[in-house]
Amino acid sequence: MIHDPHRTGRGPSGQARLSDDPPESGSEPGGEPGTELGGERIAKLLARSGVGSRRDVERLIAEGRVAINGQVLTTPAVKVEPGDILTVDGAVVGEPEPVRVFRYHKPVGLVTTHKDPQGRPTVFEALPEGLPRLISVGRLDLNSEGLLLLTNDGGLARALELPATGVVRRYRARAHGRITQERLDTLKDGITVEGVRYGAIEARLDKAKEGHQGANLWLTVTLQEGKNREVRRVLEALGLKVNRLIRLSYGPFALGTLDVGEIEEVGPRVIREQLEGHIPPENMPKGDRPQYRSPARKSRRAQAESRQAELVPPRPEAPAKKAYKAGWAKPKAKAKPHAKTAGKAAKAKLQAKIEGKTIGPRHEPAAGKRTASQGKPPGRPKGGPQRGPPRGPANRGGGRPRTTAPRGRG
């Protein structure tokens, strides 16, 4: 049944109340519009159901895409009672669920919308199956990446988006140009760009690399408003061209170690602790564990191995081992030389090599040939080096060497 908060009394089912209808039980005469009991505003209900923010719901109603009990609505100034059938684009909208929040690492090349008129890929088309109907908290443009919060409660999304809420957003920006920290500090007082006033922005110069055509800079930018393309427009006003923008955190939630394209649900306990002032008590989730379980994440080593496998061509498959039937004798494995035996053989070969000998079947002499080791040992070559101890004065005559010094004169 449709209820008009600007009127009192009850009309026929599916129609707005008339001014001469009797007042509804529980309503206070002369009260403010929308204060009567027994129903919930359609914009709030659809926002809680994840259809969109209240502003999005108003736009859907103006386009004639929302109906109650088969009657298309033309104004959002209606209420929904229990038992009414509410549809959006012909699909029935179920009862609102408790608030759920997801962290998503948005990649570059996705549009933050449910339907794109230009046919570009969207964030919600890239999400895995098994998730409820979600809407985004704020937006990231096509060329931006990083943390994107998703929720099933449009009221919470709207509350976190409003500049008056003062939720802090932190970005990591890579830009091309030259600038000093002193000039970046001027953003703390706000700046006006093309007639748009931006509030206080904290920008820190982290790294600068000089090049032939300028400098590539890395900056950390912190702001609270989050207006459309705020970081890019503000930095362009200072002469910097942003070529990469990553959102690191949004309020109490951080990007952390989420991989690109990965989504993870925030636990109910964290939602109760961090978003208590933005969620009505009846919408608070219960329990401690999230409902959605992300697929098992690979370790850093596994991720590196998978990336390496993509670059290296696969090895040819090894031939399959021969299968033996039960009862067949399997071939014995070749005996490997013992470590001590192998070590002695290696030492013997090395000693033979030092002495000029050869060991092994490969170095056996050919038949009919005679080597020096098989015949009479050759004599000492003329003019060659002498063998044995040198002959000195002490060894002349073949006698025993003199052990005492010669006796002196006198």
# chains A, B, ... in the order shown; residues from 1 in each chain; ligands from 1
>>> residues_around(residues="Gly64 of chain A", least_positions_apart="2", cutoff="12 Å", atoms="only C-alpha atoms", output="CSV table (one decimal) with N, CA and C atoms, in the first residue's frame")
chain,number,residue,atom,x,y,z
A,57,VAL,N,17.6,6.7,-5.6
A,57,VAL,CA,16.2,6.2,-5.6
A,57,VAL,C,15.2,7.3,-6.2
A,58,GLU,N,15.5,8.5,-5.8
A,58,GLU,CA,14.6,9.6,-6.4
A,58,GLU,C,14.7,9.7,-7.9
A,59,ARG,N,15.9,9.4,-8.4
A,59,ARG,CA,16.1,9.5,-9.8
A,59,ARG,C,15.4,8.3,-10.5
A,60,LEU,N,15.5,7.1,-9.9
A,60,LEU,CA,14.8,5.9,-10.4
A,60,LEU,C,13.3,6.2,-10.4
A,61,ILE,N,12.7,6.8,-9.4
A,61,ILE,CA,11.3,7.0,-9.3
A,61,ILE,C,10.9,8.0,-10.4
A,62,ALA,N,11.7,9.1,-10.6
A,62,ALA,CA,11.4,10.0,-11.7
A,62,ALA,C,11.5,9.4,-13.1
A,66,VAL,N,10.2,2.4,-10.6
A,66,VAL,CA,9.8,1.9,-9.3
A,66,VAL,C,8.3,1.8,-9.2
A,67,ALA,N,7.8,0.6,-8.7
A,67,ALA,CA,6.4,0.4,-8.5
A,67,ALA,C,6.1,-0.3,-7.2
A,68,ILE,N,4.9,0.0,-6.7
A,68,ILE,CA,4.4,-0.7,-5.5
A,68,ILE,C,3.1,-1.3,-5.8
A,70,GLY,N,2.3,-3.1,-8.2
A,70,GLY,CA,2.0,-2.9,-9.6
A,70,GLY,C,1.8,-1.5,-10.1
A,71,GLN,N,1.7,-0.5,-9.2
A,71,GLN,CA,1.5,0.9,-9.6
A,71,GLN,C,2.8,1.6,-9.6
A,72,VAL,N,3.1,2.2,-10.8
A,72,VAL,CA,4.3,2.9,-11.0
A,72,VAL,C,4.3,4.2,-10.2
A,73,LEU,N,5.3,4.5,-9.5
A,73,LEU,CA,5.4,5.7,-8.7
A,73,LEU,C,5.9,6.9,-9.5
A,74,THR,N,5.4,8.1,-9.1
A,74,THR,CA,5.9,9.3,-9.7
A,74,THR,C,6.5,10.3,-8.7
A,75,THR,N,6.4,10.0,-7.5
A,75,THR,CA,7.0,10.8,-6.4
A,75,THR,C,7.6,10.0,-5.3
A,76,PRO,N,8.6,10.4,-4.7
A,76,PRO,CA,9.2,9.6,-3.6
A,76,PRO,C,8.5,9.9,-2.2
A,87,THR,N,8.9,-3.2,-6.4
A,87,THR,CA,9.7,-3.7,-7.6
A,87,THR,C,10.5,-2.5,-8.2
A,88,VAL,N,11.7,-2.9,-8.7
A,88,VAL,CA,12.5,-1.9,-9.4
A,88,VAL,C,12.9,-2.6,-10.7
A,89,ASP,N,12.5,-2.0,-11.8
A,89,ASP,CA,12.8,-2.5,-13.1
A,89,ASP,C,12.1,-3.9,-13.2
A,90,GLY,N,11.0,-4.1,-12.6
A,90,GLY,CA,10.3,-5.4,-12.6
A,90,GLY,C,10.7,-6.4,-11.7
>>> select_by_dssp(residues="segment 174-301 of chain A", states="alpha helix (DSSP H)", output="MDAnalysis selection string")
chainID A and resid 181:184 230:237 268:274 300:301
>>> residues_around(residues="segment 159-171 of chain A", least_positions_apart="4", cutoff="6 Å", atoms="only C-alpha atoms", output="PDB file with all heavy atoms, in the first residue's frame")
ATOM      1  N   GLY A 138      31.336   6.328  -2.690  1.00  0.00           N
ATOM      2  CA  GLY A 138      32.155   7.187  -3.530  1.00  0.00           C
ATOM      3  C   GLY A 138      32.491   6.497  -4.835  1.00  0.00           C
ATOM      4  O   GLY A 138      31.958   5.425  -5.151  1.00  0.00           O
ATOM      5  N   THR A 220      51.995  11.706  -1.452  1.00  0.00           N
ATOM      6  CA  THR A 220      50.917  11.186  -0.618  1.00  0.00           C
ATOM      7  C   THR A 220      49.960  12.338  -0.340  1.00  0.00           C
ATOM      8  O   THR A 220      50.367  13.358   0.222  1.00  0.00           O
ATOM      9  CB  THR A 220      51.453  10.609   0.701  1.00  0.00           C
ATOM     10  OG1 THR A 220      52.375   9.556   0.404  1.00  0.00           O
ATOM     11  CG2 THR A 220      50.325  10.070   1.549  1.00  0.00           C
ATOM     12  N   VAL A 221      48.707  12.155  -0.736  1.00  0.00           N
ATOM     13  CA  VAL A 221      47.707  13.216  -0.641  1.00  0.00           C
ATOM     14  C   VAL A 221      46.606  12.756   0.306  1.00  0.00           C
ATOM     15  O   VAL A 221      46.066  11.649   0.162  1.00  0.00           O
ATOM     16  CB  VAL A 221      47.120  13.555  -2.024  1.00  0.00           C
ATOM     17  CG1 VAL A 221      46.119  14.694  -1.922  1.00  0.00           C
ATOM     18  CG2 VAL A 221      48.233  13.921  -2.999  1.00  0.00           C
ATOM     19  N   THR A 222      46.250  13.604   1.272  1.00  0.00           N
ATOM     20  CA  THR A 222      45.202  13.314   2.246  1.00  0.00           C
ATOM     21  C   THR A 222      44.172  14.422   2.199  1.00  0.00           C
ATOM     22  O   THR A 222      44.523  15.612   2.273  1.00  0.00           O
ATOM     23  CB  THR A 222      45.785  13.204   3.660  1.00  0.00           C
ATOM     24  OG1 THR A 222      46.848  12.245   3.670  1.00  0.00           O
ATOM     25  CG2 THR A 222      44.722  12.778   4.656  1.00  0.00           C
ATOM     26  N   LEU A 223      42.901  14.051   2.074  1.00  0.00           N
ATOM     27  CA  LEU A 223      41.817  15.034   2.001  1.00  0.00           C
ATOM     28  C   LEU A 223      40.574  14.472   2.673  1.00  0.00           C
ATOM     29  O   LEU A 223      40.523  13.292   3.031  1.00  0.00           O
ATOM     30  CB  LEU A 223      41.533  15.416   0.541  1.00  0.00           C
ATOM     31  CG  LEU A 223      41.355  14.264  -0.459  1.00  0.00           C
ATOM     32  CD1 LEU A 223      39.911  13.849  -0.560  1.00  0.00           C
ATOM     33  CD2 LEU A 223      41.886  14.667  -1.827  1.00  0.00           C
ATOM     34  N   GLN A 224      39.550  15.320   2.815  1.00  0.00           N
ATOM     35  CA  GLN A 224      38.328  14.924   3.511  1.00  0.00           C
ATOM     36  C   GLN A 224      37.060  15.132   2.685  1.00  0.00           C
ATOM     37  O   GLN A 224      36.013  14.628   3.070  1.00  0.00           O
ATOM     38  CB  GLN A 224      38.189  15.709   4.824  1.00  0.00           C
ATOM     39  CG  GLN A 224      39.292  15.419   5.821  1.00  0.00           C
ATOM     40  CD  GLN A 224      39.103  16.177   7.122  1.00  0.00           C
ATOM     41  OE1 GLN A 224      38.207  17.002   7.254  1.00  0.00           O
ATOM     42  NE2 GLN A 224      39.959  15.905   8.094  1.00  0.00           N
ATOM     43  N   GLU A 225      37.153  15.853   1.597  1.00  0.00           N
ATOM     44  CA  GLU A 225      35.942  16.124   0.819  1.00  0.00           C
ATOM     45  C   GLU A 225      35.655  15.032  -0.208  1.00  0.00           C
ATOM     46  O   GLU A 225      34.562  14.488  -0.251  1.00  0.00           O
ATOM     47  CB  GLU A 225      36.077  17.486   0.113  1.00  0.00           C
ATOM     48  CG  GLU A 225      35.955  18.664   1.041  1.00  0.00           C
ATOM     49  CD  GLU A 225      35.994  19.972   0.291  1.00  0.00           C
ATOM     50  OE1 GLU A 225      36.640  20.009  -0.779  1.00  0.00           O
ATOM     51  OE2 GLU A 225      35.389  20.938   0.756  1.00  0.00           O
ATOM     52  N   ILE A 246      46.384   5.996  -6.783  1.00  0.00           N
ATOM     53  CA  ILE A 246      46.019   4.816  -6.002  1.00  0.00           C
ATOM     54  C   ILE A 246      45.407   5.286  -4.684  1.00  0.00           C
ATOM     55  O   ILE A 246      46.032   6.053  -3.949  1.00  0.00           O
ATOM     56  CB  ILE A 246      47.241   3.926  -5.709  1.00  0.00           C
ATOM     57  CG1 ILE A 246      48.007   3.625  -6.997  1.00  0.00           C
ATOM     58  CG2 ILE A 246      46.827   2.651  -5.007  1.00  0.00           C
ATOM     59  CD1 ILE A 246      49.348   2.968  -6.761  1.00  0.00           C
ATOM     60  N   ARG A 247      44.202   4.823  -4.397  1.00  0.00           N
ATOM     61  CA  ARG A 247      43.601   5.144  -3.098  1.00  0.00           C
ATOM     62  C   ARG A 247      44.071   4.114  -2.079  1.00  0.00           C
ATOM     63  O   ARG A 247      43.871   2.913  -2.239  1.00  0.00           O
ATOM     64  CB  ARG A 247      42.077   5.149  -3.172  1.00  0.00           C
ATOM     65  CG  ARG A 247      41.415   5.517  -1.840  1.00  0.00           C
ATOM     66  CD  ARG A 247      39.928   5.274  -1.887  1.00  0.00           C
ATOM     67  NE  ARG A 247      39.242   6.349  -2.588  1.00  0.00           N
ATOM     68  CZ  ARG A 247      37.971   6.268  -2.976  1.00  0.00           C
ATOM     69  NH1 ARG A 247      37.288   5.156  -2.777  1.00  0.00           N
ATOM     70  NH2 ARG A 247      37.400   7.283  -3.592  1.00  0.00           N
ATOM     71  N   LEU A 248      44.675   4.602  -0.997  1.00  0.00           N
ATOM     72  CA  LEU A 248      45.236   3.730   0.020  1.00  0.00           C
ATOM     73  C   LEU A 248      44.269   3.450   1.159  1.00  0.00           C
ATOM     74  O   LEU A 248      44.302   2.356   1.736  1.00  0.00           O
ATOM     75  CB  LEU A 248      46.527   4.343   0.583  1.00  0.00           C
ATOM     76  CG  LEU A 248      47.649   4.611  -0.422  1.00  0.00           C
ATOM     77  CD1 LEU A 248      48.842   5.231   0.287  1.00  0.00           C
ATOM     78  CD2 LEU A 248      48.060   3.333  -1.136  1.00  0.00           C
ATOM     79  N   SER A 249      43.423   4.405   1.506  1.00  0.00           N
ATOM     80  CA  SER A 249      42.521   4.207   2.624  1.00  0.00           C
ATOM     81  C   SER A 249      41.300   5.095   2.450  1.00  0.00           C
ATOM     82  O   SER A 249      41.329   6.114   1.754  1.00  0.00           O
ATOM     83  CB  SER A 249      43.216   4.507   3.962  1.00  0.00           C
ATOM     84  OG  SER A 249      43.581   5.874   4.031  1.00  0.00           O
ATOM     85  N   TYR A 250      40.227   4.661   3.110  1.00  0.00           N
ATOM     86  CA  TYR A 250      38.974   5.430   3.128  1.00  0.00           C
ATOM     87  C   TYR A 250      38.421   5.299   4.539  1.00  0.00           C
ATOM     88  O   TYR A 250      37.920   4.244   4.921  1.00  0.00           O
ATOM     89  CB  TYR A 250      37.974   4.880   2.116  1.00  0.00           C
ATOM     90  CG  TYR A 250      36.819   5.800   1.799  1.00  0.00           C
ATOM     91  CD1 TYR A 250      36.741   6.443   0.570  1.00  0.00           C
ATOM     92  CD2 TYR A 250      35.802   6.024   2.720  1.00  0.00           C
ATOM     93  CE1 TYR A 250      35.682   7.291   0.280  1.00  0.00           C
ATOM     94  CE2 TYR A 250      34.757   6.872   2.437  1.00  0.00           C
ATOM     95  CZ  TYR A 250      34.697   7.501   1.219  1.00  0.00           C
ATOM     96  OH  TYR A 250      33.660   8.351   0.932  1.00  0.00           O
ATOM     97  N   GLY A 251      38.544   6.375   5.311  1.00  0.00           N
ATOM     98  CA  GLY A 251      38.117   6.328   6.691  1.00  0.00           C
ATOM     99  C   GLY A 251      38.959   5.331   7.471  1.00  0.00           C
ATOM    100  O   GLY A 251      40.187   5.282   7.359  1.00  0.00           O
TER     101      GLY A 251
END
>>> closest_residue(among="A:Asp56, A:Glu265, A:Asp288, A:Glu230", to="Leu140 of chain A", atoms="only C-alpha atoms")
A:Glu230
>>> closest_residue(among="A:Lys115, A:Tyr104, A:Asp84, A:Leu46", to="Phe253 of chain A", atoms="only C-alpha atoms")
A:Tyr104
>>> residues_around(residues="Gln291 of chain A", least_positions_apart="6", cutoff="10 Å", atoms="only C-alpha atoms", output="compact mmCIF listing (two decimals) with C-alpha atoms, in the first residue's frame")
# COMPACT_ATOMS: atom_id res chain seq x y z
CA ARG A 100 27.52 -5.33 5.17
CA LEU A 131 27.59 -11.37 -3.27
CA GLU A 265 34.16 -8.57 3.56
CA VAL A 266 34.63 -6.52 6.72
CA GLY A 267 33.71 -8.37 9.90
CA PRO A 268 30.53 -7.38 11.80
>>> select_by_dssp(residues="segment 107-317 of chain A", states="strand (DSSP E or B)", output="MDAnalysis selection string")
chainID A and resid 111 122 135:137 144:151 169:176 191:193 196:198 202:211 214:223 241:250 253:254 263:265
>>> atom_distance(atom1="atom CA of Gly39 of chain A", atom2="atom CA of His278 of chain A")
21.8 Å
>>> decode(residues="segment 155-175 of chain A", atoms="N, CA and C atoms", output="PDB file, in the first residue's frame")
ATOM      1  N   GLY A 155      22.062   4.193   2.661  1.00  0.00           N
ATOM      2  CA  GLY A 155      22.166   5.259   3.651  1.00  0.00           C
ATOM      3  C   GLY A 155      23.566   5.394   4.204  1.00  0.00           C
ATOM      4  N   LEU A 156      24.222   4.263   4.457  1.00  0.00           N
ATOM      5  CA  LEU A 156      25.605   4.314   4.927  1.00  0.00           C
ATOM      6  C   LEU A 156      26.524   4.870   3.861  1.00  0.00           C
ATOM      7  N   ALA A 157      26.314   4.473   2.606  1.00  0.00           N
ATOM      8  CA  ALA A 157      27.152   4.990   1.517  1.00  0.00           C
ATOM      9  C   ALA A 157      27.038   6.505   1.415  1.00  0.00           C
ATOM     10  N   ARG A 158      25.807   7.003   1.523  1.00  0.00           N
ATOM     11  CA  ARG A 158      25.604   8.452   1.432  1.00  0.00           C
ATOM     12  C   ARG A 158      26.237   9.170   2.614  1.00  0.00           C
ATOM     13  N   ALA A 159      26.146   8.579   3.803  1.00  0.00           N
ATOM     14  CA  ALA A 159      26.714   9.218   4.987  1.00  0.00           C
ATOM     15  C   ALA A 159      28.229   9.315   4.892  1.00  0.00           C
ATOM     16  N   LEU A 160      28.883   8.277   4.353  1.00  0.00           N
ATOM     17  CA  LEU A 160      30.338   8.304   4.242  1.00  0.00           C
ATOM     18  C   LEU A 160      30.821   9.171   3.098  1.00  0.00           C
ATOM     19  N   GLU A 161      29.967   9.421   2.117  1.00  0.00           N
ATOM     20  CA  GLU A 161      30.369  10.233   0.966  1.00  0.00           C
ATOM     21  C   GLU A 161      30.306  11.723   1.253  1.00  0.00           C
ATOM     22  N   LEU A 162      29.404  12.147   2.111  1.00  0.00           N
ATOM     23  CA  LEU A 162      29.178  13.576   2.312  1.00  0.00           C
ATOM     24  C   LEU A 162      30.438  14.269   2.822  1.00  0.00           C
ATOM     25  N   PRO A 163      30.797  15.402   2.237  1.00  0.00           N
ATOM     26  CA  PRO A 163      31.960  16.142   2.758  1.00  0.00           C
ATOM     27  C   PRO A 163      31.775  16.582   4.201  1.00  0.00           C
ATOM     28  N   ALA A 164      30.515  16.817   4.612  1.00  0.00           N
ATOM     29  CA  ALA A 164      30.277  17.249   5.991  1.00  0.00           C
ATOM     30  C   ALA A 164      30.663  16.171   6.993  1.00  0.00           C
ATOM     31  N   THR A 165      30.653  14.905   6.584  1.00  0.00           N
ATOM     32  CA  THR A 165      31.040  13.828   7.491  1.00  0.00           C
ATOM     33  C   THR A 165      32.522  13.888   7.829  1.00  0.00           C
ATOM     34  N   GLY A 166      33.342  14.368   6.925  1.00  0.00           N
ATOM     35  CA  GLY A 166      34.770  14.529   7.196  1.00  0.00           C
ATOM     36  C   GLY A 166      35.551  13.230   7.219  1.00  0.00           C
ATOM     37  N   VAL A 167      35.123  12.237   6.421  1.00  0.00           N
ATOM     38  CA  VAL A 167      35.871  10.981   6.365  1.00  0.00           C
ATOM     39  C   VAL A 167      37.178  11.210   5.596  1.00  0.00           C
ATOM     40  N   VAL A 168      38.277  10.776   6.160  1.00  0.00           N
ATOM     41  CA  VAL A 168      39.595  11.023   5.575  1.00  0.00           C
ATOM     42  C   VAL A 168      39.872  10.010   4.477  1.00  0.00           C
ATOM     43  N   ARG A 169      40.315  10.526   3.311  1.00  0.00           N
ATOM     44  CA  ARG A 169      40.762   9.670   2.212  1.00  0.00           C
ATOM     45  C   ARG A 169      42.250   9.914   1.981  1.00  0.00           C
ATOM     46  N   ARG A 170      42.982   8.852   1.756  1.00  0.00           N
ATOM     47  CA  ARG A 170      44.424   8.983   1.527  1.00  0.00           C
ATOM     48  C   ARG A 170      44.778   8.340   0.194  1.00  0.00           C
ATOM     49  N   TYR A 171      45.583   9.044  -0.604  1.00  0.00           N
ATOM     50  CA  TYR A 171      45.936   8.606  -1.953  1.00  0.00           C
ATOM     51  C   TYR A 171      47.453   8.609  -2.116  1.00  0.00           C
ATOM     52  N   ARG A 172      47.893   7.784  -3.044  1.00  0.00           N
ATOM     53  CA  ARG A 172      49.287   7.761  -3.492  1.00  0.00           C
ATOM     54  C   ARG A 172      49.266   8.134  -4.958  1.00  0.00           C
ATOM     55  N   ALA A 173      49.937   9.243  -5.303  1.00  0.00           N
ATOM     56  CA  ALA A 173      49.868   9.784  -6.660  1.00  0.00           C
ATOM     57  C   ALA A 173      51.258   9.855  -7.270  1.00  0.00           C
ATOM     58  N   ARG A 174      51.340   9.468  -8.542  1.00  0.00           N
ATOM     59  CA  ARG A 174      52.556   9.652  -9.327  1.00  0.00           C
ATOM     60  C   ARG A 174      52.265  10.714 -10.373  1.00  0.00           C
ATOM     61  N   ALA A 175      53.085  11.731 -10.398  1.00  0.00           N
ATOM     62  CA  ALA A 175      52.845  12.862 -11.294  1.00  0.00           C
ATOM     63  C   ALA A 175      54.139  13.243 -11.997  1.00  0.00           C
TER      64      ALA A 175
END
